[in-house]
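Enquirer: Contents of coords_30.cif (mmCIF, C-alpha atoms; chains and numbers go by the auth columns) are given next:
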```cif
data_my_file
#
loop_
_atom_site.group_PDB
_atom_site.id
_atom_site.type_symbol
_atom_site.label_atom_id
_atom_site.label_comp_id
_atom_site.label_asym_id
_atom_site.label_seq_id
_atom_site.Cartn_x
_atom_site.Cartn_y
_atom_site.Cartn_z
_atom_site.B_iso_or_equiv
_atom_site.auth_seq_id
_atom_site.auth_asym_id
ATOM 1 C CA MET A 1 43.842 6.475 44.133 0.00 1 A
ATOM 2 C CA ALA A 2 44.583 7.484 47.702 0.00 2 A
ATOM 3 C CA GLY A 3 40.896 7.592 48.519 0.00 3 A
ATOM 4 C CA HIS A 4 40.326 4.033 47.331 0.00 4 A
ATOM 5 C CA ASN A 5 43.390 2.747 49.192 0.00 5 A
ATOM 6 C CA LYS A 6 42.293 4.389 52.451 0.00 6 A
ATOM 7 C CA TRP A 7 38.803 2.991 52.088 0.00 7 A
ATOM 8 C CA SER A 8 40.338 -0.476 51.716 0.00 8 A
ATOM 9 C CA LYS A 9 42.196 0.037 54.994 0.00 9 A
ATOM 10 C CA ILE A 10 38.991 1.019 56.763 0.00 10 A
ATOM 11 C CA LYS A 11 37.252 -2.081 55.483 0.00 11 A
ATOM 12 C CA ARG A 12 40.080 -4.352 56.590 0.00 12 A
ATOM 13 C CA GLY A 13 40.268 -2.683 59.989 0.00 13 A
ATOM 14 C CA LYS A 14 36.552 -3.094 60.630 0.00 14 A
ATOM 15 C CA ALA A 15 36.450 -6.688 59.280 0.00 15 A
ATOM 16 C CA VAL A 16 33.507 -5.999 57.003 0.00 16 A
ATOM 17 C CA ALA A 17 31.337 -9.032 56.284 0.00 17 A
ATOM 18 C CA ASP A 18 32.639 -9.209 52.708 0.00 18 A
ATOM 19 C CA ALA A 19 35.824 -10.759 54.098 0.00 19 A
ATOM 20 C CA ARG A 20 33.986 -13.990 54.896 0.00 20 A
ATOM 21 C CA ARG A 21 35.696 -16.660 52.842 0.00 21 A
ATOM 22 C CA SER A 22 32.562 -18.341 51.522 0.00 22 A
ATOM 23 C CA LYS A 23 31.271 -15.062 50.135 0.00 23 A
ATOM 24 C CA VAL A 24 34.629 -14.123 48.636 0.00 24 A
ATOM 25 C CA TRP A 25 34.850 -17.508 46.939 0.00 25 A
ATOM 26 C CA ALA A 26 31.340 -17.128 45.526 0.00 26 A
ATOM 27 C CA ARG A 27 32.186 -13.736 44.037 0.00 27 A
ATOM 28 C CA ILE A 28 35.475 -14.918 42.575 0.00 28 A
ATOM 29 C CA THR A 29 33.779 -18.008 41.113 0.00 29 A
ATOM 30 C CA ARG A 30 31.294 -15.801 39.253 0.00 30 A
ATOM 31 C CA ASP A 31 34.135 -13.612 38.023 0.00 31 A
ATOM 32 C CA ILE A 32 36.041 -16.650 36.730 0.00 32 A
ATOM 33 C CA ILE A 33 32.935 -17.968 34.950 0.00 33 A
ATOM 34 C CA ASN A 34 32.254 -14.638 33.266 0.00 34 A
ATOM 35 C CA ALA A 35 35.897 -14.076 32.296 0.00 35 A
ATOM 36 C CA ALA A 36 36.211 -17.570 30.795 0.00 36 A
ATOM 37 C CA ARG A 37 32.926 -17.158 28.931 0.00 37 A
ATOM 38 C CA GLU A 38 34.062 -13.883 27.342 0.00 38 A
ATOM 39 C CA GLY A 39 37.753 -14.535 26.712 0.00 39 A
ATOM 40 C CA GLY A 40 38.332 -18.284 26.772 0.00 40 A
ATOM 41 C CA GLY A 41 39.607 -20.700 29.381 0.00 41 A
ATOM 42 C CA ASP A 42 43.368 -20.072 29.142 0.00 42 A
ATOM 43 C CA PRO A 43 44.500 -17.753 31.996 0.00 43 A
ATOM 44 C CA GLY A 44 47.729 -17.071 30.115 0.00 44 A
ATOM 45 C CA ALA A 45 45.899 -15.692 27.088 0.00 45 A
ATOM 46 C CA ASN A 46 42.950 -14.140 28.941 0.00 46 A
ATOM 47 C CA SER A 47 44.254 -11.447 31.300 0.00 47 A
ATOM 48 C CA ARG A 48 40.910 -10.993 33.030 0.00 48 A
ATOM 49 C CA LEU A 49 40.694 -14.706 33.735 0.00 49 A
ATOM 50 C CA GLY A 50 44.316 -14.723 34.863 0.00 50 A
ATOM 51 C CA LEU A 51 43.533 -11.989 37.373 0.00 51 A
ATOM 52 C CA ALA A 52 40.486 -13.849 38.678 0.00 52 A
ATOM 53 C CA VAL A 53 42.481 -17.066 39.055 0.00 53 A
ATOM 54 C CA ASP A 54 45.244 -15.194 40.896 0.00 54 A
ATOM 55 C CA LYS A 55 42.645 -13.796 43.297 0.00 55 A
ATOM 56 C CA ALA A 56 41.214 -17.269 43.807 0.00 56 A
ATOM 57 C CA LYS A 57 44.645 -18.642 44.690 0.00 57 A
ATOM 58 C CA ALA A 58 45.305 -15.719 47.034 0.00 58 A
ATOM 59 C CA GLU A 59 42.062 -16.615 48.850 0.00 59 A
ATOM 60 C CA ASN A 60 43.153 -20.267 49.072 0.00 60 A
ATOM 61 C CA MET A 61 40.390 -21.498 46.790 0.00 61 A
ATOM 62 C CA PRO A 62 40.943 -25.192 45.985 0.00 62 A
ATOM 63 C CA LYS A 63 42.356 -25.947 42.541 0.00 63 A
ATOM 64 C CA ASP A 64 39.355 -28.156 41.692 0.00 64 A
ATOM 65 C CA ASN A 65 36.992 -25.257 42.388 0.00 65 A
ATOM 66 C CA ILE A 66 38.975 -22.989 40.066 0.00 66 A
ATOM 67 C CA GLU A 67 39.093 -25.528 37.242 0.00 67 A
ATOM 68 C CA ARG A 68 35.393 -26.273 37.624 0.00 68 A
ATOM 69 C CA ALA A 69 34.540 -22.562 37.425 0.00 69 A
ATOM 70 C CA ILE A 70 36.619 -22.194 34.241 0.00 70 A
ATOM 71 C CA LYS A 71 34.833 -25.164 32.654 0.00 71 A
ATOM 72 C CA ARG A 72 31.486 -23.657 33.589 0.00 72 A
ATOM 73 C CA GLY A 73 32.558 -20.483 31.833 0.00 73 A
ATOM 74 C CA THR A 74 33.701 -22.221 28.660 0.00 74 A
ATOM 75 C CA GLY A 75 30.555 -24.339 28.528 0.00 75 A
ATOM 76 C CA GLU A 76 32.156 -27.686 29.357 0.00 76 A
ATOM 77 C CA ILE A 77 29.940 -27.748 32.446 0.00 77 A
ATOM 78 C CA GLU A 78 26.445 -26.232 32.513 0.00 78 A
ATOM 79 C CA ALA A 79 26.329 -22.992 34.502 0.00 79 A
ATOM 80 C CA GLN A 80 24.077 -20.088 35.335 0.00 80 A
ATOM 81 C CA ASP A 81 24.358 -17.098 33.032 0.00 81 A
ATOM 82 C CA TYR A 82 25.909 -14.188 34.952 0.00 82 A
ATOM 83 C CA VAL A 83 25.888 -10.672 33.525 0.00 83 A
ATOM 84 C CA GLU A 84 27.642 -7.506 34.603 0.00 84 A
ATOM 85 C CA ALA A 85 25.430 -4.623 35.695 0.00 85 A
ATOM 86 C CA THR A 86 26.374 -1.150 36.906 0.00 86 A
ATOM 87 C CA TYR A 87 24.123 1.056 39.023 0.00 87 A
ATOM 88 C CA GLU A 88 24.494 4.757 39.768 0.00 88 A
ATOM 89 C CA GLY A 89 22.961 6.847 42.495 0.00 89 A
ATOM 90 C CA TYR A 90 23.319 9.357 45.285 0.00 90 A
ATOM 91 C CA GLY A 91 23.815 8.581 48.938 0.00 91 A
ATOM 92 C CA PRO A 92 23.144 10.843 51.920 0.00 92 A
ATOM 93 C CA HIS A 93 24.370 14.429 51.548 0.00 93 A
ATOM 94 C CA GLY A 94 24.633 14.127 47.762 0.00 94 A
ATOM 95 C CA ILE A 95 27.562 11.700 47.672 0.00 95 A
ATOM 96 C CA ALA A 96 27.756 10.095 44.205 0.00 96 A
ATOM 97 C CA ILE A 97 28.001 6.290 44.253 0.00 97 A
ATOM 98 C CA ILE A 98 28.629 3.672 41.559 0.00 98 A
ATOM 99 C CA VAL A 99 27.859 0.002 42.211 0.00 99 A
ATOM 100 C CA GLU A 100 29.318 -2.745 40.023 0.00 100 A
ATOM 101 C CA SER A 101 27.654 -6.157 40.163 0.00 101 A
ATOM 102 C CA LEU A 102 27.747 -9.610 38.614 0.00 102 A
ATOM 103 C CA THR A 103 24.331 -11.231 38.735 0.00 103 A
ATOM 104 C CA ASP A 104 22.162 -14.010 37.361 0.00 104 A
ATOM 105 C CA ASN A 105 19.005 -11.979 37.997 0.00 105 A
ATOM 106 C CA THR A 106 19.187 -8.273 37.154 0.00 106 A
ATOM 107 C CA ASN A 107 15.608 -7.630 38.282 0.00 107 A
ATOM 108 C CA ARG A 108 16.396 -8.941 41.755 0.00 108 A
ATOM 109 C CA THR A 109 19.673 -7.078 41.996 0.00 109 A
ATOM 110 C CA VAL A 110 18.374 -3.684 40.897 0.00 110 A
ATOM 111 C CA ALA A 111 15.418 -3.992 43.296 0.00 111 A
ATOM 112 C CA ASP A 112 17.752 -4.850 46.177 0.00 112 A
ATOM 113 C CA VAL A 113 20.185 -2.048 45.349 0.00 113 A
ATOM 114 C CA ARG A 114 17.342 0.472 45.049 0.00 114 A
ATOM 115 C CA HIS A 115 16.002 -0.619 48.438 0.00 115 A
ATOM 116 C CA ILE A 116 19.422 -0.246 50.096 0.00 116 A
ATOM 117 C CA PHE A 117 19.823 3.259 48.674 0.00 117 A
ATOM 118 C CA SER A 118 16.303 4.281 49.702 0.00 118 A
ATOM 119 C CA LYS A 119 16.579 2.919 53.237 0.00 119 A
ATOM 120 C CA ALA A 120 19.781 4.926 53.743 0.00 120 A
ATOM 121 C CA GLY A 121 18.201 8.160 52.554 0.00 121 A
ATOM 122 C CA GLY A 122 19.717 7.999 49.078 0.00 122 A
ATOM 123 C CA SER A 123 18.311 7.295 45.644 0.00 123 A
ATOM 124 C CA LEU A 124 19.151 5.131 42.659 0.00 124 A
ATOM 125 C CA GLY A 125 19.616 7.179 39.486 0.00 125 A
ATOM 126 C CA GLN A 126 19.585 6.627 35.746 0.00 126 A
ATOM 127 C CA THR A 127 22.568 5.344 33.762 0.00 127 A
ATOM 128 C CA GLY A 128 25.001 8.226 33.335 0.00 128 A
ATOM 129 C CA SER A 129 23.675 10.217 36.269 0.00 129 A
ATOM 130 C CA VAL A 130 26.960 10.077 38.215 0.00 130 A
ATOM 131 C CA ALA A 131 29.407 8.196 35.942 0.00 131 A
ATOM 132 C CA PHE A 132 30.803 11.485 34.626 0.00 132 A
ATOM 133 C CA GLN A 133 32.203 12.150 38.115 0.00 133 A
ATOM 134 C CA PHE A 134 34.560 9.164 37.882 0.00 134 A
ATOM 135 C CA ASN A 135 37.508 8.142 35.708 0.00 135 A
ATOM 136 C CA ARG A 136 38.054 4.498 34.739 0.00 136 A
ATOM 137 C CA LEU A 137 41.598 3.213 35.188 0.00 137 A
ATOM 138 C CA GLY A 138 43.632 0.108 35.891 0.00 138 A
ATOM 139 C CA VAL A 139 45.357 -0.305 39.265 0.00 139 A
ATOM 140 C CA LEU A 140 47.908 -2.932 40.267 0.00 140 A
ATOM 141 C CA GLU A 141 49.330 -3.313 43.771 0.00 141 A
ATOM 142 C CA VAL A 142 52.895 -4.532 44.308 0.00 142 A
ATOM 143 C CA LYS A 143 54.605 -5.003 47.676 0.00 143 A
ATOM 144 C CA ALA A 144 57.388 -2.445 48.076 0.00 144 A
ATOM 145 C CA ASP A 145 59.863 -4.994 49.441 0.00 145 A
ATOM 146 C CA SER A 146 59.631 -7.146 46.303 0.00 146 A
ATOM 147 C CA ILE A 147 61.247 -4.706 43.839 0.00 147 A
ATOM 148 C CA SER A 148 62.960 -1.322 43.840 0.00 148 A
ATOM 149 C CA GLU A 149 60.985 1.744 42.803 0.00 149 A
ATOM 150 C CA ASP A 150 63.339 2.482 39.902 0.00 150 A
ATOM 151 C CA GLN A 151 63.071 -1.081 38.550 0.00 151 A
ATOM 152 C CA LEU A 152 59.303 -1.108 38.853 0.00 152 A
ATOM 153 C CA PHE A 153 58.941 2.316 37.269 0.00 153 A
ATOM 154 C CA GLU A 154 61.013 1.342 34.242 0.00 154 A
ATOM 155 C CA LEU A 155 59.115 -1.921 33.847 0.00 155 A
ATOM 156 C CA VAL A 156 55.595 -0.491 33.997 0.00 156 A
ATOM 157 C CA ALA A 157 56.351 2.751 32.159 0.00 157 A
ATOM 158 C CA ASP A 158 57.617 0.797 29.159 0.00 158 A
ATOM 159 C CA ALA A 159 54.359 -1.194 29.191 0.00 159 A
ATOM 160 C CA GLY A 160 52.164 1.918 29.187 0.00 160 A
ATOM 161 C CA ALA A 161 51.505 2.785 32.847 0.00 161 A
ATOM 162 C CA GLU A 162 50.848 6.449 33.599 0.00 162 A
ATOM 163 C CA ASP A 163 51.697 6.698 37.303 0.00 163 A
ATOM 164 C CA LEU A 164 53.456 4.919 40.168 0.00 164 A
ATOM 165 C CA VAL A 165 52.731 5.822 43.800 0.00 165 A
ATOM 166 C CA LEU A 166 54.281 4.451 46.994 0.00 166 A
ATOM 167 C CA GLU A 167 51.924 4.408 49.969 0.00 167 A
ATOM 168 C CA ASP A 168 53.019 2.727 53.197 0.00 168 A
ATOM 169 C CA ASP A 169 54.496 -0.647 52.075 0.00 169 A
ATOM 170 C CA THR A 170 52.774 -0.889 48.702 0.00 170 A
ATOM 171 C CA PHE A 171 53.368 0.440 45.188 0.00 171 A
ATOM 172 C CA TYR A 172 50.218 1.417 43.300 0.00 172 A
ATOM 173 C CA VAL A 173 50.632 1.257 39.531 0.00 173 A
ATOM 174 C CA ARG A 174 48.004 3.238 37.624 0.00 174 A
ATOM 175 C CA THR A 175 47.320 2.583 33.965 0.00 175 A
ATOM 176 C CA PRO A 176 44.907 3.687 31.242 0.00 176 A
ATOM 177 C CA VAL A 177 42.262 1.011 30.691 0.00 177 A
ATOM 178 C CA GLU A 178 43.723 0.101 27.313 0.00 178 A
ATOM 179 C CA ALA A 179 47.200 -0.482 28.806 0.00 179 A
ATOM 180 C CA PHE A 180 46.108 -2.525 31.819 0.00 180 A
ATOM 181 C CA GLY A 181 46.572 -5.929 30.178 0.00 181 A
ATOM 182 C CA ALA A 182 50.027 -5.032 28.823 0.00 182 A
ATOM 183 C CA VAL A 183 51.234 -3.786 32.212 0.00 183 A
ATOM 184 C CA GLN A 184 49.856 -6.865 33.946 0.00 184 A
ATOM 185 C CA GLU A 185 51.606 -9.130 31.448 0.00 185 A
ATOM 186 C CA ALA A 186 54.894 -7.210 31.810 0.00 186 A
ATOM 187 C CA LEU A 187 54.814 -7.740 35.564 0.00 187 A
ATOM 188 C CA ARG A 188 53.957 -11.411 35.129 0.00 188 A
ATOM 189 C CA GLU A 189 56.813 -12.000 32.670 0.00 189 A
ATOM 190 C CA ALA A 190 59.251 -10.212 35.009 0.00 190 A
ATOM 191 C CA GLY A 191 58.181 -12.443 37.906 0.00 191 A
ATOM 192 C CA VAL A 192 56.766 -9.526 39.900 0.00 192 A
ATOM 193 C CA LYS A 193 53.818 -10.616 42.035 0.00 193 A
ATOM 194 C CA THR A 194 50.758 -8.359 42.144 0.00 194 A
ATOM 195 C CA GLU A 195 48.790 -8.397 45.388 0.00 195 A
ATOM 196 C CA GLU A 196 45.689 -6.916 43.735 0.00 196 A
ATOM 197 C CA ALA A 197 44.935 -5.861 40.180 0.00 197 A
ATOM 198 C CA GLY A 198 41.855 -4.694 38.357 0.00 198 A
ATOM 199 C CA LEU A 199 39.913 -1.911 36.713 0.00 199 A
ATOM 200 C CA GLN A 200 38.623 0.690 39.131 0.00 200 A
ATOM 201 C CA ARG A 201 36.804 4.009 39.179 0.00 201 A
ATOM 202 C CA GLU A 202 38.420 7.105 40.657 0.00 202 A
ATOM 203 C CA PRO A 203 36.335 10.186 41.529 0.00 203 A
ATOM 204 C CA THR A 204 37.394 13.343 39.697 0.00 204 A
ATOM 205 C CA THR A 205 36.401 15.390 42.757 0.00 205 A
ATOM 206 C CA THR A 206 35.512 14.404 46.318 0.00 206 A
ATOM 207 C CA VAL A 207 33.139 15.814 48.930 0.00 207 A
ATOM 208 C CA HIS A 208 34.202 16.414 52.540 0.00 208 A
ATOM 209 C CA LEU A 209 31.642 15.566 55.231 0.00 209 A
ATOM 210 C CA GLU A 210 31.697 15.897 58.987 0.00 210 A
ATOM 211 C CA ALA A 211 32.117 12.676 60.945 0.00 211 A
ATOM 212 C CA ASP A 212 28.434 11.900 61.606 0.00 212 A
ATOM 213 C CA ALA A 213 27.463 12.528 57.978 0.00 213 A
ATOM 214 C CA ALA A 214 30.415 10.464 56.716 0.00 214 A
ATOM 215 C CA ARG A 215 29.342 7.547 58.922 0.00 215 A
ATOM 216 C CA LYS A 216 25.918 7.510 57.247 0.00 216 A
ATOM 217 C CA VAL A 217 27.529 7.306 53.822 0.00 217 A
ATOM 218 C CA ALA A 218 29.976 4.630 55.019 0.00 218 A
ATOM 219 C CA SER A 219 27.085 2.595 56.396 0.00 219 A
ATOM 220 C CA LEU A 220 25.336 2.708 53.011 0.00 220 A
ATOM 221 C CA ILE A 221 28.520 1.676 51.188 0.00 221 A
ATOM 222 C CA GLU A 222 29.061 -1.276 53.535 0.00 222 A
ATOM 223 C CA LYS A 223 25.474 -2.472 53.079 0.00 223 A
ATOM 224 C CA LEU A 224 25.895 -2.299 49.305 0.00 224 A
ATOM 225 C CA GLU A 225 29.198 -4.181 49.458 0.00 225 A
ATOM 226 C CA ASP A 226 27.606 -6.835 51.642 0.00 226 A
ATOM 227 C CA HIS A 227 25.088 -7.733 48.918 0.00 227 A
ATOM 228 C CA GLN A 228 25.893 -11.087 47.320 0.00 228 A
ATOM 229 C CA ASP A 229 25.827 -9.719 43.756 0.00 229 A
ATOM 230 C CA VAL A 230 27.927 -6.598 44.336 0.00 230 A
ATOM 231 C CA GLN A 231 31.540 -6.725 43.184 0.00 231 A
ATOM 232 C CA ALA A 232 32.688 -3.163 43.956 0.00 232 A
ATOM 233 C CA VAL A 233 31.406 0.197 45.196 0.00 233 A
ATOM 234 C CA TYR A 234 32.939 3.619 44.451 0.00 234 A
ATOM 235 C CA SER A 235 31.985 7.000 45.872 0.00 235 A
ATOM 236 C CA THR A 236 32.941 10.676 45.933 0.00 236 A
ATOM 237 C CA LEU A 237 33.252 10.704 49.732 0.00 237 A
ATOM 238 C CA GLU A 238 36.512 12.390 50.705 0.00 238 A
ATOM 239 C CA LEU A 239 38.620 10.175 52.936 0.00 239 A
ATOM 240 C CA ASP A 240 41.050 12.529 54.630 0.00 240 A
ATOM 241 C CA ASP A 241 42.860 11.503 57.815 0.00 241 A
ATOM 242 C CA ALA A 242 40.220 12.994 60.107 0.00 242 A
ATOM 243 C CA THR A 243 37.392 11.182 58.337 0.00 243 A
ATOM 244 C CA ILE A 244 39.285 7.887 58.368 0.00 244 A
ATOM 245 C CA GLU A 245 39.891 8.212 62.099 0.00 245 A
ATOM 246 C CA ALA A 246 36.201 8.890 62.696 0.00 246 A
ATOM 247 C CA LEU A 247 35.103 5.932 60.592 0.00 247 A
ATOM 248 C CA ALA A 248 37.641 3.547 62.095 0.00 248 A
#
```
Using structure tokens, write down the structure that the file contains.
Expert:
Amino acid sequence: MAGHNKWSKIKRGKAVADARRSKVWARITRDIINAAREGGGDPGANSRLGLAVDKAKAENMPKDNIERAIKRGTGEIEAQDYVEATYEGYGPHGIAIIVESLTDNTNRTVADVRHIFSKAGGSLGQTGSVAFQFNRLGVLEVKADSISEDQLFELVADAGAEDLVLEDDTFYVRTPVEAFGAVQEALREAGVKTEEAGLQREPTTTVHLEADAARKVASLIEKLEDHQDVQAVYSTLELDDATIEALA
């Protein structure tokens, strides 16, 4: 998890374009629509929708926008049909990369993603070409000043979490995919606010690169993240302190 957390810090520090509110709202809207379509329009009974709504509120999305997106997902309002698509490939210097997207046009998205990889000196691969280098897990972030470590550990362990890590001012709760919903609900019932929560991919091994090489990979990742259909990007790039300093 440390690698993902550090990458988040780099992105925040550099004010990557994905932080633009209009783009964030567009991505969250698509996530709400898809979650409501698959699991129903009740955020209390649909954990994925609940997470998307929480993110929308955290980004100050108007209530009307949220409700309209839910209705589009449940079919009360006509909406475009968004589908999830995952792409796998290799960036410069053999760094494995997974791209998760939510799109209404898979042909457009795959062509765009392939072009971004190619232009950066990488290549888009077949399904399964790099997925084996990543583990799927749930991660929830809780501010350290909102609850004691012992209280949080007892709460999430009982719900099925497998690890709890304190980094800087944030607790990172790691869960198996199948326990993610139960842990999220346990925190909700206990009144513990989660700053971020979702399913992520963690590399089983990472690759260290010198600063110039790491910058090329970081540039590719940022271009992928800046695409309107891309929801998340994961890589095997090692983010040690020296690399983070060089990228920042």
Enquirer: What would the selection look like, as a list of chain:residue names, if the PyMOL selection byres ((chain A and resi 30-38) around 7) were run on the coordinates I just shared?
Expert: A:Ala26, A:Arg27, A:Ile28, A:Thr29, A:Gly39, A:Gly40, A:Gly41, A:Arg48, A:Leu49, A:Ala52, A:Val53, A:Ala69, A:Ile70, A:Arg72, A:Gly73, A:Thr74, A:Tyr82
Enquirer: Please list as a ChimeraX atom specification every residue within 8 Å of A:Gly122, counting all atoms listed in the file and excluding residues in the same chain fewer than 4 positions away.
Expert: /A:89-92,94,117-118
Enquirer: What is the atom CA of A:Ala242-atom CA of A:Phe132 distance in Å, reported with one decimal?
Expert: 27.2 Å
Enquirer: Please write as JSON, numbers by chain the full residue list that the PyMOL selection byres ((chain A and resi 106-111) around 9) yields on this file.
Expert: {"A": [83, 84, 85, 87, 101, 102, 103, 104, 105, 112, 113, 114, 115, 116, 227, 229, 230]}
Enquirer: I'd like the residues picked by the PyMOL selection byres ((chain A and resi 156-169) around 10) written out as a CSV table (one decimal) with C-alpha atoms, in the frame of the given file, using the chain letters and numbers from the file.
Expert:
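After the write, expr09.csv holds the following:
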```
chain,number,residue,atom,x,y,z
A,1,MET,CA,43.8,6.5,44.1
A,2,ALA,CA,44.6,7.5,47.7
A,5,ASN,CA,43.4,2.7,49.2
A,6,LYS,CA,42.3,4.4,52.5
A,137,LEU,CA,41.6,3.2,35.2
A,138,GLY,CA,43.6,0.1,35.9
A,139,VAL,CA,45.4,-0.3,39.3
A,140,LEU,CA,47.9,-2.9,40.3
A,141,GLU,CA,49.3,-3.3,43.8
A,142,VAL,CA,52.9,-4.5,44.3
A,143,LYS,CA,54.6,-5.0,47.7
A,144,ALA,CA,57.4,-2.4,48.1
A,145,ASP,CA,59.9,-5.0,49.4
A,149,GLU,CA,61.0,1.7,42.8
A,151,GLN,CA,63.1,-1.1,38.6
A,152,LEU,CA,59.3,-1.1,38.9
A,153,PHE,CA,58.9,2.3,37.3
A,154,GLU,CA,61.0,1.3,34.2
A,155,LEU,CA,59.1,-1.9,33.8
A,170,THR,CA,52.8,-0.9,48.7
A,171,PHE,CA,53.4,0.4,45.2
A,172,TYR,CA,50.2,1.4,43.3
A,173,VAL,CA,50.6,1.3,39.5
A,174,ARG,CA,48.0,3.2,37.6
A,175,THR,CA,47.3,2.6,34.0
A,176,PRO,CA,44.9,3.7,31.2
A,177,VAL,CA,42.3,1.0,30.7
A,178,GLU,CA,43.7,0.1,27.3
A,179,ALA,CA,47.2,-0.5,28.8
A,180,PHE,CA,46.1,-2.5,31.8
A,181,GLY,CA,46.6,-5.9,30.2
A,182,ALA,CA,50.0,-5.0,28.8
A,183,VAL,CA,51.2,-3.8,32.2
A,184,GLN,CA,49.9,-6.9,33.9
A,185,GLU,CA,51.6,-9.1,31.4
A,186,ALA,CA,54.9,-7.2,31.8
A,187,LEU,CA,54.8,-7.7,35.6
```
Enquirer: Give me, please, the distance in Å between atom CA of A:Ser146 and atom CA of A:Glu196, quoted to one decimal.
Expert: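 Result for atom CA of A:Ser146 versus atom CA of A:Glu196: 14.2 Å, one decimal.
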Enquirer: Quick check, in Å to one decimal: how far apart do atom CA of A:Ser219 and atom CA of A:Ala232 lie?
Expert: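 Straight-line distance from atom CA of A:Ser219 to atom CA of A:Ala232 works out to 14.8 Å.
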Enquirer: Here is a test: counting only C-alpha atoms, which residue of A:Lys23, A:His93, A:Arg188, A:Arg136 is nearest to A:Arg215?
Expert: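 Of A:Lys23, A:His93, A:Arg188, A:Arg136, the one nearest A:Arg215, counting only C-alpha atoms, is A:His93.
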Enquirer: With 7 Å as the cut-off and all atoms listed in the file counted, what is the closest atom pair between each nearby residue of stretch 108-174 of chain A and stretch 203-207 of chain A? Distances in Å to one decimal, ordered by chain and number, as a Markdown table.
Expert:
```
| residue | atom | partner | partner_atom | distance |
| --- | --- | --- | --- | --- |
| A:Gln133 | CA | A:Thr204 | CA | 5.6 |
| A:Phe134 | CA | A:Pro203 | CA | 4.2 |
| A:Asn135 | CA | A:Pro203 | CA | 6.3 |
```
Enquirer: Could you save those same residues with C-alpha atoms as a PDB file, in the coordinates of the input?
Expert:
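After the write, part_12.pdb holds the following:
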```pdb
ATOM      1  CA  GLN A 133      32.203  12.150  38.115  1.00  0.00           C
ATOM      2  CA  PHE A 134      34.560   9.164  37.882  1.00  0.00           C
ATOM      3  CA  ASN A 135      37.508   8.142  35.708  1.00  0.00           C
TER       4      ASN A 135
END
```
Enquirer: Which residue is closest to A:Ser47? Choose from A:Ser148, A:Asn65, A:Gly198, A:Ile221 and count only C-alpha atoms.
Expert: A:Gly198
Enquirer: Hey, what's within 6 Å of A:Glu88 if we count all atoms listed in the file and toss same-chain stuff fewer than 3 positions away? As a ChimeraX atom specification, please?
Expert: /A:97-98,125
Enquirer: So which one's closest to A:Gln228, A:His208, A:Ser123, A:Val24, A:Val192? Using all atoms listed in the file, please.
Expert: A:Val24
